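Student: Before anything else, here's the structure in question.
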Amino acid sequence: MNDQVANPQTPAQEEAAALRPAVDVIEDAGGITLLADLPGVPKEALDIRIDGDTLTLEAQIGLSLPEGMEPHHVEVDLLRYRRRFGLSKELDAEQITAELAHGVLKLRIPKAAHAQPRKIAVAVG
């Protein structure tokens with residue numbers, strides 16, 4: 001799995017600018033766990049897609065100001081997250097599970113059966 005940076009082609013072709021969420025990738029013998037920080041994102045505004053060997057995370061931030069209020073200073077004015085990852089052939093994209101809790105998206109991507117560690121039985125002859 002490798003992180004891919006999306007290169008905009010032209011301003012007309014590029015969608016709205018997006019924040020790159022912080023992501024931890026943890027690998028174990030059974031697969032990969034990806035933890036993405038997505039504060040302010042409701043489940044309904046989260047889009048996870050697989051296209052070929054690319055995993056794409058996109059989300060709309062659901063933060064709003066109380067009616068009649070306007071900010072005096074805004075450090076982050078983008079309301080969208082986007083991150084893309086290349087998936088290796090050792091991962092089983094058909095078995096991905098996703099869970100969103102407290103602003104953290106947890107994706108579990110198991111290794112494909114052919115990439116799982118296995119023990120070989122030895123016959124005595």
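Identifiers in the structure tokens: chain A, B, ... in order shown; residue index from 1 per chain; ligand index from 1 in order shown.
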What lies within 12 Å of A:Ser64 using only C-alpha atoms, ignoring chain neighbours under 5 positions off, as a PyMOL selection string?
Tutor: chain A and resi 40-41+69-71+77+79
Student: Using DSSP on the backbone, list every residue of chain A that comes out as strand (DSSP E or B), and give them as an NGL selection string.
Tutor: :A and (2-4 or 19 or 23-28 or 31-37 or 46-51 or 54-60 or 80-86 or 91 or 97-101 or 104-111)
Student: Given only C-alpha atoms as the basis, pick out the residue of A:Leu19, A:Leu78, A:Leu105, A:Leu91 nearest to A:Ala36.
Tutor: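 Result for the nearest residue to A:Ala36: A:Leu105.
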Student: What is the atom CA of A:Ala59 to atom CA of A:Arg82 distance in Å?
Tutor: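 We find that atom CA of A:Ala59 and atom CA of A:Arg82 lie 6.7 Å from each other.
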Student: Residues at most 8 Å from A:Thr54, counting only C-alpha atoms, excluding those fewer than 2 positions away in the same chain, as a JSON list (two decimals) with N, CA and C atoms, in the first residue's frame?
Tutor:
```json
[["chain", "number", "residue", "atom", "x", "y", "z"],
["A", 50, "ILE", "N", -13.16, 2.01, -4.09],
["A", 50, "ILE", "CA", -12.05, 1.26, -4.67],
["A", 50, "ILE", "C", -12.21, 1.35, -6.18],
["A", 51, "ASP", "N", -11.18, 1.78, -6.86],
["A", 51, "ASP", "CA", -11.18, 1.82, -8.32],
["A", 51, "ASP", "C", -9.88, 1.18, -8.78],
["A", 52, "GLY", "N", -9.98, -0.04, -9.28],
["A", 52, "GLY", "CA", -8.78, -0.79, -9.64],
["A", 52, "GLY", "C", -7.98, -1.08, -8.39],
["A", 56, "THR", "N", -9.82, 5.34, -2.36],
["A", 56, "THR", "CA", -10.03, 6.79, -2.22],
["A", 56, "THR", "C", -10.96, 7.05, -1.05],
["A", 84, "ARG", "N", -5.84, 9.38, -1.18],
["A", 84, "ARG", "CA", -5.82, 8.20, -2.06],
["A", 84, "ARG", "C", -4.64, 7.32, -1.70],
["A", 85, "PHE", "N", -4.86, 6.00, -1.80],
["A", 85, "PHE", "CA", -3.83, 5.02, -1.51],
["A", 85, "PHE", "C", -3.81, 3.97, -2.60],
["A", 86, "GLY", "N", -2.61, 3.55, -2.99],
["A", 86, "GLY", "CA", -2.46, 2.42, -3.90],
["A", 86, "GLY", "C", -2.46, 1.14, -3.09],
["A", 87, "LEU", "N", -3.24, 0.16, -3.53],
["A", 87, "LEU", "CA", -3.33, -1.11, -2.83],
["A", 87, "LEU", "C", -2.51, -2.18, -3.55]]
```
Student: Contacts of A:Glu94 at 12 Å or less, counting only C-alpha atoms, minus same-chain residues fewer than 3 places along, as JSON, numbers by chain?
Tutor: {"A": [49, 50, 51, 52, 53, 55, 87, 89, 90, 91, 97, 108, 109, 110, 111, 112, 113]}
Student: Could I get the residues of stretch 4-88 of chain A with an atom no further than 9 Å from an atom of stretch 114-121 of chain A, each paired with its nearest atom pair and that distance in Å to one decimal, using only C-alpha atoms, sorted by chain and residue number, as a Markdown table?
Tutor:
```
| residue | atom | partner | partner_atom | distance |
| --- | --- | --- | --- | --- |
| A:Ala29 | CA | A:Pro117 | CA | 6.8 |
| A:Gly30 | CA | A:Gln116 | CA | 6.4 |
| A:Gly31 | CA | A:Gln116 | CA | 8.3 |
```
Student: Just write the chosen residues, C-alpha atoms, as an mmCIF file, in the first residue's frame.
Tutor:
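Contents of the output file selection06.cif:
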```cif
data_model
loop_
_atom_site.group_PDB
_atom_site.id
_atom_site.type_symbol
_atom_site.label_atom_id
_atom_site.label_comp_id
_atom_site.auth_asym_id
_atom_site.auth_seq_id
_atom_site.Cartn_x
_atom_site.Cartn_y
_atom_site.Cartn_z
ATOM 1 C CA ALA A 29 0.204 -10.766 9.676
ATOM 2 C CA GLY A 30 -3.470 -10.668 8.673
ATOM 3 C CA GLY A 31 -3.591 -7.346 6.847
#
```
Student: Nearest to A:His102 among A:Asp37, A:Glu44, A:Glu58, A:Asp24, with distances taken over only C-alpha atoms: which residue is it?
Tutor: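 The closest residue to A:His102 is A:Asp37.
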Student: Report the distance between atom CA of A:Gly62 and atom CA of A:Pro42 in Å, rounded to one decimal place.
Tutor: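 Atom CA of A:Pro42 lies at a distance of 6.4 Å from atom CA of A:Gly62.
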Student: Choose the residue, out of A:Gly103, A:Ala18, A:Ile96, A:Gly125, that has the smallest atom-to-atom separation from A:Pro39; count only C-alpha atoms.
Tutor: A:Gly103
Student: Please report the interatomic distance between atom CA of A:Arg20 and atom CA of A:Glu75 in Å with one decimal.
Tutor: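 Separation between atom CA of A:Arg20 and atom CA of A:Glu75: 14.9 Å.
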